[in-house]
Amino acid sequence: MAATAAAAAERTKVYVPDAGAVWLAAEVVESGVVEARRPKNDDPGDGPVERLEVSKGDSASFPLQNDLGEEGAEDMCALDYLHEPGVLFNLRKRYFRKLPYTYTGSMCIAINPYEWLGHMYGEETGREYLWKARERLPPHVYAISAEAYRGVSKFEDARWIGEDQSILVSGESGAGKTETVKIMMAHLASVAGEGDDVVAKVLQSQPLLESFGNAKTVRNDNSSRFGKFTQLEFALEDDDAVTLVGSRCRTYLLEKSRVVSQAPGERTYHCFYGVARKNDLLPLGKLRYTRESDVETTKIENVSDEDRRERTWAALELIGVAEDDRIALERLLGAILQLGELEFLAAADDDEDSSRLASEAPAKVAARELGVASGATLALALTERTIRARSDVYKVPLDASKAGDSRDALAKEIYLRAFDWVVANINASTTSTAVASPRVVGLLDIFGFESFKVNRFEQLCINYTNEKLQQKFTLDLFKTVQQEYDEERIPWTHVSFPDNAPVLQLIDARMGIIDVLNEECMRPRGSDEGFVSKLNSIHASTEPYVAAKLSKDQFTVKHYAGAVVYTATGWLERNNDTLQEDLATCARDSSFGLLALLFAASENEEKKKNTTSKATTKGSSRKRGAIAADTVSTKFKAQLGQLMDEIERTSVQYVRCVKPNTVKSNAAYDAPMVCDQLRCAGVIEAIRVSRAGYPNKLPHGEFSMRFARALIVSADSSIEVAARELLGDVNSYAVGLTKIYFKAGVLETLERRRAAALAASATKVSAAWRCFALFRAYGEARRGATLFAARWRSLAARRAYVKTIAAAMIAQSARRAVLARRQTADLRRHARASRIAAVARGASKRRRYHELRRAATRLAAFARTRAAAREYKIALAEAREQAKLENQLEAMQARLEAMEDANKAMAAQAAAAQEEDHTSAEVMHLLQQLRADNDRLRKEAATLKDENAALKRRVSDLEANQSMRMDWLAAARQTFSHPQETPSRPPPVRPPRPAPSQTAATDDRRSSVSRFANVVASLGFGATPAPKGGGVGTVVSSLPATPENKPDRPTAAKVSGGGDKRRAPHIALPLNRFWQDVPAASLEGALPRRDAEVVLVHLKVGGQYLCATGGPVEPPNGGGGGGGGGGSVVASSPSKQQTPQDEHNRYVRCEAPSPGDDQQPAGYRTAMTFRVERVDDASEEGLARCKFHLKSELTGGYLCVGGLFQRYCLVASAPTRAEATTFQFVARRKDDDDDDADLLATSPDEYDSTTPRDAASMERLRARQLLVALRVVDGAKMGHFVRVRPDAYVNVAPPGSTAVAKGAALPPDDRVTPLLSVELLVPLQSYEITFVSSQLGLIVSKTMPLRVVRFKDSATHAPAAELSGRIGIGDVLITADGRDLITCSRREAVDIITSTRPITIGFRVAHQAQDLLHQTPTRNNNNNNNNSSKPVDLLTP
């Protein structure tokens, strides 16, 4: 055990080099063997353990690991061991902890997290970094910008002594340089912003530059293809506050070649795509300059091209660019794309040195957009080149390839000048003119070091810039180290550091790469190979330069970040970058104002340069030639020199941006890639410089605690003495004022000695601890043995005591058991005797009960027979009385006709006597006698007419009462003929006897209003008039449409088969408003309460109706439908047997409604009508107790579950109620959160049944109308719900939940169970008929109001379709075309009716007809007139 602890303590944690991961964290197991962990790129863990064999080396080959903690070191200068693997692993730990910023001294390293960490940015956070010390806050780029702001706002003795600042942000493409610059600009603007307008312009200038200078590359979707140096201007205000007053921007080396060509997967500049996607004439996939790019990408950083274009043009408007200029800029971008469509071919005369346009149409379009005079002018400028030689001017034709190069050169030059124009507008808008000499904070967003497979002229310029910046960074770092050593008073000599001066001399010194390139460009026949050949001959012995052995156009430069192989193909052309004079002249002469302005400005600049050149002292010809050349490299060198001069006079802060991976993932860390970037950024070199002197350091106190005590040095010794005792060699360390500094490898040696000392001490401590633990275990064991012996003796005594107690209890229980058995035997004997006596008494009582029951049954049957016989005799007597009255009426009519004939004869005689002109007294006396007889006969005729009318009314009442009695008698006979089928039905209720007078009969009718009629009246439907033009519809016969009883045309309904022409109940088609849906809350009151009541219903699903088709069902023994259904069904022949085909024809289907016609006036409506027959269940309450059978009015059969192929369809073929399926309505449960007023819960007394309700209230009522589901409550499919199959057949299916199947209400959110809508028959109170023919065909009363007396059935009068089934005898004419007929005289009313055709006449039912749907006993009430208008409350059970 001691050996294992010692081995574990001796293991040293080091970093070992690795080819794949650069460095691996490992522990030394033994000499030459380590256990390393290889982490994965996308896993924050340490990775699996690998056992590796390594070659022996010094301590520098295997640097020691640092204790990084949970979040790593915030400042890597504070690491105990500062080396490359320590930096690499520290950055890795912080990256996976979502901590992108880390300090290295004054420099900030920012790793791109590839996600927006919003919690790290904000105004409050920015102010904390401005006012708090840097050490008190976690690393942040805000600390760099805050340090710069403190530098410009420095005061001394109330005097502003602020210094200019610079922040250099570098890194490769995709490392987040542009985003970091924007973050720091936003921070500076928020803490020093003067006004919203200035801040907005400064901040919006960056996205504007991104739109014109950024593009998608393989490495980055929003890569800056130019360098920019943005200088924020600060000034002192009156309140001694330093505020932001403006900014100015300078750009470097825009990548013009991207305008005309892009690599696969890349795009040109963002602005082109925003303009092209708005213009249908610029198809990106077909244009030469964009078709090779990634046109499928429409969003960059979640911003679409269209939105970016809108933001760009809004930013142009913000900085003051006029609307005309914005429109012109958009046109200019489109013209550049159109210019690329020009194609060139060899000339027609086969001259390879000349060319021509392949098509003139693109040239015309490009010339129109560019403002050139014509397409031919533009083509001539592109295919010819003007050469001036002293006083001569030559036109040299260009071949197709060079013509294409001229086209591309013009496009690139136009875009470069447009970009410079945008930058100039930004500077003009944001630069402060009110402050003479403001302090500035410069933000340099420059391209990082680049090394590709093929490196061209642009890569040389970029790497040249980075060499300059690296030299500045190294010098600043060396000064920092020197300053620290001076403050600690450490004697030191000059420390060598990586100096890249030879590389800079190779590039920009006399006869360096730039001078040789310019000289080769000046030669008439200069070439790229000649340029490389000169470099090889001049710099063959220069250390940073390496000539290529196999290629004539390649050479290698050893940069600080590594060797780069450059390919010099096309360098002379790129360096010259001069536009042909013909193309420049063509652009200056353009009618397009913006294009002419861009090239006119450049011409003025060239004139100034020429004037300046002439004014200078004449020098050598080489110098004049170099000035006149004005190449790209010369201009870039001058710009870079100016930039470095400005940076030199400022205080510089550094930000190094690092790209963690190439897949743009926020959870991947590519260690080799990060290490390469750290080397290219100079971070590793800076660490190497620091390690060249004293790379490791420790405070005095920490050195004493960590090493002096561990290695047993005297506590009274000073730091110098302790260091000398531990290290010995005074040249390996240096003691400062507060810290002790170590040479490379010294601290690692001390750590190993400390680990060995701690391991030896650990062994001694472990031995002492084990001895103490054994002594303590022995004492505890001895105490335990003593306690165990005491408890064992106690347990033995307890067992003996318990055994004695148990024996005593057994003896007592045996005695008590004997006594209990004796008592139980006595009780059983008494119980058996009592049971025998009870059985005997029960048998005697049951015999007596059955005898009394049989006697009562016989008496009840005899009594019912006597009652039925009395009713029959009364009905027979009334029929005889009716026949007698009819005979008397006929005799009185004959007598009246005889008297009228005699009167006419006497009048004729009187007329004849007058003609003969007899003037005798006898004739006069006879005439007077005739007149007297005539008056008497008139009075007798009037009396007879009154008696005739009274007799007719009496006959009508007698017929109505006789019909009702006949129905009750038929029901009673059916009950006596099938008593076994309905043993539990109550005896039929005796119908009311006819009242002695017409008034009493009318009052009885008003008092016997059906409950459903009151429901309809309370809901506001009762007084709604029928639509004009026959909206009422024809009357439905109560019999099914069979060949035996189908009428020739629609006629009035026959009551009980009689020939009465009284008004039938008005029943409308399913398509009009008089079939109304019943709310679920009203179903309980609207359904029948007893078996004697009948309700006809329609069942509707989604606007279609359930209907049963087929012929009538044959009842058992050829009788009517069993069970007292009360339906009028024509039975088929008893000998006819039902076939499977007949059963199939009675299936229930769901079909759309269609109105009846002459061929089928009522059959289809009857097919949709079902009769509800109640099955009482007193055990349940509410709507659940309303269980019923459904009987088809067409087939006469009850609905049952079954049918063809066992599909469990509904079939209307059950002949009796015993075979029928019982159903139940289930309403959807109301949501408890509904706080709206329940319209259905309002008291019906608050409604007026004679006045239509408010339309808005009706709409709310319909909106709250609840649907119901139809559930089977018995049989094999109990708990299933009725649904409609895809083939329109109706079957049953299980519910969506078990609770619903057991009888629970449907939940509010149920969407599985099919719902139905229930419709009931609604009687009318008024209706309208439109008459077209000249004659109404009606006989009306002679007194007001006008009542219908009878019809004229002649063919010359109104068609029967306007009369039959709509107008009833006794109905009152109330309106004619909207005019009131009640208040008019009879003559006026007749004139109104006969004046116009067509005419719409409104009728009112003469009296409240007996409700045929609900027949209830008449209630005698003395206040019928007062209560008749109030509806009965059916909503509350």
# chains A, B, ... in the order shown; residues from 1 in each chain; ligands from 1
call {"tool": "residues_around", "arguments": {"residues": "stretch 170-187 of chain A", "least_positions_apart": "5", "cutoff": "8 Å", "atoms": "only C-alpha atoms", "output": "number ranges by chain"}}
result
A: 111-112, 123, 126, 141-142, 145, 203, 206, 219-224, 443-450, 655-660, 677, 681
call {"tool": "select_by_dssp", "arguments": {"residues": "stretch 519-764 of chain A", "states": "strand (DSSP E or B)", "output": "ChimeraX atom specification"}}
result
/A:545-547,554-559,562-567,651-658,696-699,733-735,739-742
call {"tool": "atom_distance", "arguments": {"atom1": "atom CA of A:Pro524", "atom2": "atom CA of A:Leu579"}}
result
17.0 Å
call {"tool": "closest_residue", "arguments": {"among": "A:Ala561, A:Ala26, A:Met511, A:Leu370", "to": "A:Leu594", "atoms": "only C-alpha atoms"}}
result
A:Leu370
call {"tool": "residues_around", "arguments": {"residues": "A:Arg291", "least_positions_apart": "6", "cutoff": "12 Å", "atoms": "only C-alpha atoms", "output": "ChimeraX atom specification"}}
result
/A:260-268,273,282-285,337,340-341
call {"tool": "residues_around", "arguments": {"residues": "A:Gln471", "least_positions_apart": "2", "cutoff": "10 Å", "atoms": "only C-alpha atoms", "output": "list in words"}}
result
Asn466, Glu467, Lys468, Leu469, Phe473, Thr474, Leu475, Asp476, Leu477, Pro498, Asp499, Asn500, Ala501, Leu504, Tyr560 and Gly682 of chain A
call {"tool": "write_last_selection", "arguments": {"atoms": "N, CA, C and O atoms", "output": "CSV table (one decimal), in the first residue's frame"}}
result
chain,number,residue,atom,x,y,z
A,466,ASN,N,0.9,41.9,-42.1
A,466,ASN,CA,1.0,41.2,-40.9
A,466,ASN,C,2.4,41.2,-40.3
A,466,ASN,O,2.6,41.2,-39.1
A,467,GLU,N,3.4,41.2,-41.2
A,467,GLU,CA,4.8,41.3,-40.8
A,467,GLU,C,5.1,42.6,-40.1
A,467,GLU,O,5.7,42.7,-39.0
A,468,LYS,N,4.5,43.7,-40.7
A,468,LYS,CA,4.7,45.0,-40.0
A,468,LYS,C,4.0,45.0,-38.7
A,468,LYS,O,4.6,45.5,-37.7
A,469,LEU,N,2.8,44.5,-38.6
A,469,LEU,CA,2.1,44.5,-37.3
A,469,LEU,C,2.8,43.6,-36.3
A,469,LEU,O,2.8,43.9,-35.1
A,473,PHE,N,4.1,44.5,-32.6
A,473,PHE,CA,3.7,43.7,-31.4
A,473,PHE,C,4.9,43.2,-30.7
A,473,PHE,O,4.9,43.3,-29.4
A,474,THR,N,5.9,42.7,-31.4
A,474,THR,CA,7.1,42.1,-30.7
A,474,THR,C,7.8,43.2,-29.9
A,474,THR,O,8.3,43.0,-28.8
A,475,LEU,N,8.0,44.4,-30.5
A,475,LEU,CA,8.7,45.5,-29.9
A,475,LEU,C,7.9,45.9,-28.6
A,475,LEU,O,8.5,46.2,-27.6
A,476,ASP,N,6.6,46.0,-28.7
A,476,ASP,CA,5.8,46.4,-27.6
A,476,ASP,C,5.9,45.4,-26.5
A,476,ASP,O,6.0,45.7,-25.3
A,477,LEU,N,5.9,44.1,-26.8
A,477,LEU,CA,6.0,43.1,-25.8
A,477,LEU,C,7.4,43.1,-25.1
A,477,LEU,O,7.5,43.0,-23.9
A,498,PRO,N,12.5,37.1,-31.6
A,498,PRO,CA,12.4,36.9,-33.0
A,498,PRO,C,12.2,38.2,-33.8
A,498,PRO,O,11.2,38.9,-33.6
A,499,ASP,N,13.2,38.5,-34.5
A,499,ASP,CA,13.2,39.8,-35.3
A,499,ASP,C,12.9,39.5,-36.7
A,499,ASP,O,13.6,38.7,-37.4
A,500,ASN,N,11.8,40.1,-37.3
A,500,ASN,CA,11.4,39.8,-38.7
A,500,ASN,C,11.9,40.9,-39.6
A,500,ASN,O,11.3,41.1,-40.7
A,501,ALA,N,12.9,41.7,-39.1
A,501,ALA,CA,13.4,42.8,-40.0
A,501,ALA,C,13.9,42.2,-41.3
A,501,ALA,O,13.7,42.9,-42.4
A,504,LEU,N,11.0,41.9,-43.7
A,504,LEU,CA,10.6,43.2,-44.2
A,504,LEU,C,11.5,43.9,-45.2
A,504,LEU,O,11.1,44.5,-46.1
A,560,TYR,N,7.3,35.0,-40.3
A,560,TYR,CA,7.4,34.7,-38.9
A,560,TYR,C,6.4,33.6,-38.6
A,560,TYR,O,6.7,32.8,-37.6
A,682,GLY,N,1.4,35.4,-33.4
A,682,GLY,CA,2.5,35.8,-32.6
A,682,GLY,C,2.4,35.5,-31.1
A,682,GLY,O,3.2,35.9,-30.3
call {"tool": "closest_residue", "arguments": {"among": "A:Thr1216, A:Cys586, A:Leu1199, A:Tyr1105", "to": "A:Met1168", "atoms": "only C-alpha atoms"}}
result
A:Tyr1105
call {"tool": "decode", "arguments": {"residues": "stretch 388-400 of chain A", "atoms": "all heavy atoms", "output": "compact mmCIF listing (two decimals), in the first residue's frame"}}
result
# COMPACT_ATOMS: atom_id res chain seq x y z
N ARG A 388 -0.20 55.67 -77.37
CA ARG A 388 0.39 56.96 -77.74
C ARG A 388 1.90 56.84 -77.69
O ARG A 388 2.47 56.40 -76.69
CB ARG A 388 -0.07 58.05 -76.79
CG ARG A 388 -1.58 58.27 -76.80
CD ARG A 388 -2.00 59.37 -75.84
NE ARG A 388 -3.44 59.51 -75.81
CZ ARG A 388 -4.13 60.26 -76.66
NH1 ARG A 388 -3.51 60.96 -77.60
NH2 ARG A 388 -5.45 60.34 -76.57
N ALA A 389 2.55 57.23 -78.78
CA ALA A 389 4.02 57.25 -78.86
C ALA A 389 4.43 58.64 -79.32
O ALA A 389 4.35 58.96 -80.53
CB ALA A 389 4.52 56.18 -79.83
N ARG A 390 4.79 59.46 -78.36
CA ARG A 390 5.11 60.85 -78.63
C ARG A 390 3.92 61.53 -79.30
O ARG A 390 2.88 61.67 -78.69
CB ARG A 390 6.39 60.96 -79.45
CG ARG A 390 7.63 60.46 -78.71
CD ARG A 390 8.88 60.69 -79.50
NE ARG A 390 10.06 60.21 -78.76
CZ ARG A 390 11.31 60.29 -79.20
NH1 ARG A 390 11.56 60.85 -80.39
NH2 ARG A 390 12.30 59.83 -78.47
N SER A 391 4.06 61.92 -80.57
CA SER A 391 2.97 62.63 -81.25
C SER A 391 2.06 61.71 -82.02
O SER A 391 1.08 62.16 -82.64
CB SER A 391 3.55 63.69 -82.20
OG SER A 391 4.37 63.05 -83.18
N ASP A 392 2.33 60.42 -82.05
CA ASP A 392 1.53 59.48 -82.82
C ASP A 392 0.57 58.72 -81.90
O ASP A 392 0.89 58.44 -80.73
CB ASP A 392 2.43 58.48 -83.54
CG ASP A 392 3.34 59.17 -84.55
OD1 ASP A 392 2.91 60.22 -85.07
OD2 ASP A 392 4.45 58.64 -84.76
N VAL A 393 -0.58 58.39 -82.46
CA VAL A 393 -1.60 57.64 -81.74
C VAL A 393 -1.94 56.42 -82.58
O VAL A 393 -2.26 56.55 -83.78
CB VAL A 393 -2.85 58.49 -81.47
CG1 VAL A 393 -3.89 57.65 -80.75
CG2 VAL A 393 -2.50 59.73 -80.66
N TYR A 394 -1.89 55.25 -81.95
CA TYR A 394 -2.16 54.01 -82.67
C TYR A 394 -3.37 53.32 -82.04
O TYR A 394 -3.59 53.39 -80.82
CB TYR A 394 -0.95 53.06 -82.60
CG TYR A 394 0.30 53.65 -83.20
CD1 TYR A 394 1.23 54.29 -82.37
CD2 TYR A 394 0.56 53.55 -84.57
CE1 TYR A 394 2.38 54.84 -82.91
CE2 TYR A 394 1.72 54.10 -85.10
CZ TYR A 394 2.64 54.74 -84.27
OH TYR A 394 3.79 55.27 -84.78
N LYS A 395 -4.14 52.62 -82.88
CA LYS A 395 -5.25 51.76 -82.45
C LYS A 395 -4.83 50.32 -82.63
O LYS A 395 -4.64 49.86 -83.76
CB LYS A 395 -6.52 52.05 -83.25
CG LYS A 395 -7.14 53.39 -82.98
CD LYS A 395 -7.85 53.40 -81.61
CE LYS A 395 -8.62 54.70 -81.42
NZ LYS A 395 -9.35 54.72 -80.14
N VAL A 396 -4.69 49.63 -81.52
CA VAL A 396 -4.25 48.24 -81.57
C VAL A 396 -5.45 47.34 -81.27
O VAL A 396 -6.07 47.49 -80.20
CB VAL A 396 -3.12 47.97 -80.56
CG1 VAL A 396 -2.72 46.50 -80.60
CG2 VAL A 396 -1.94 48.88 -80.84
N PRO A 397 -5.82 46.44 -82.17
CA PRO A 397 -6.94 45.54 -81.87
C PRO A 397 -6.56 44.52 -80.81
O PRO A 397 -5.40 44.14 -80.67
CB PRO A 397 -7.24 44.88 -83.22
CG PRO A 397 -5.94 44.94 -83.96
CD PRO A 397 -5.25 46.21 -83.53
N LEU A 398 -7.55 44.08 -80.09
CA LEU A 398 -7.36 43.09 -79.02
C LEU A 398 -8.05 41.79 -79.41
O LEU A 398 -9.14 41.81 -80.01
CB LEU A 398 -7.94 43.59 -77.69
CG LEU A 398 -7.38 44.91 -77.17
CD1 LEU A 398 -8.11 45.32 -75.89
CD2 LEU A 398 -5.89 44.80 -76.90
N ASP A 399 -7.43 40.67 -79.06
CA ASP A 399 -8.08 39.39 -79.33
C ASP A 399 -9.22 39.16 -78.35
O ASP A 399 -9.46 39.96 -77.43
CB ASP A 399 -7.07 38.26 -79.29
CG ASP A 399 -6.35 38.18 -77.95
OD1 ASP A 399 -6.82 38.81 -76.98
OD2 ASP A 399 -5.31 37.49 -77.88
N ALA A 400 -9.92 38.04 -78.50
CA ALA A 400 -11.11 37.78 -77.68
C ALA A 400 -10.75 37.67 -76.21
O ALA A 400 -11.47 38.16 -75.33
CB ALA A 400 -11.80 36.50 -78.17
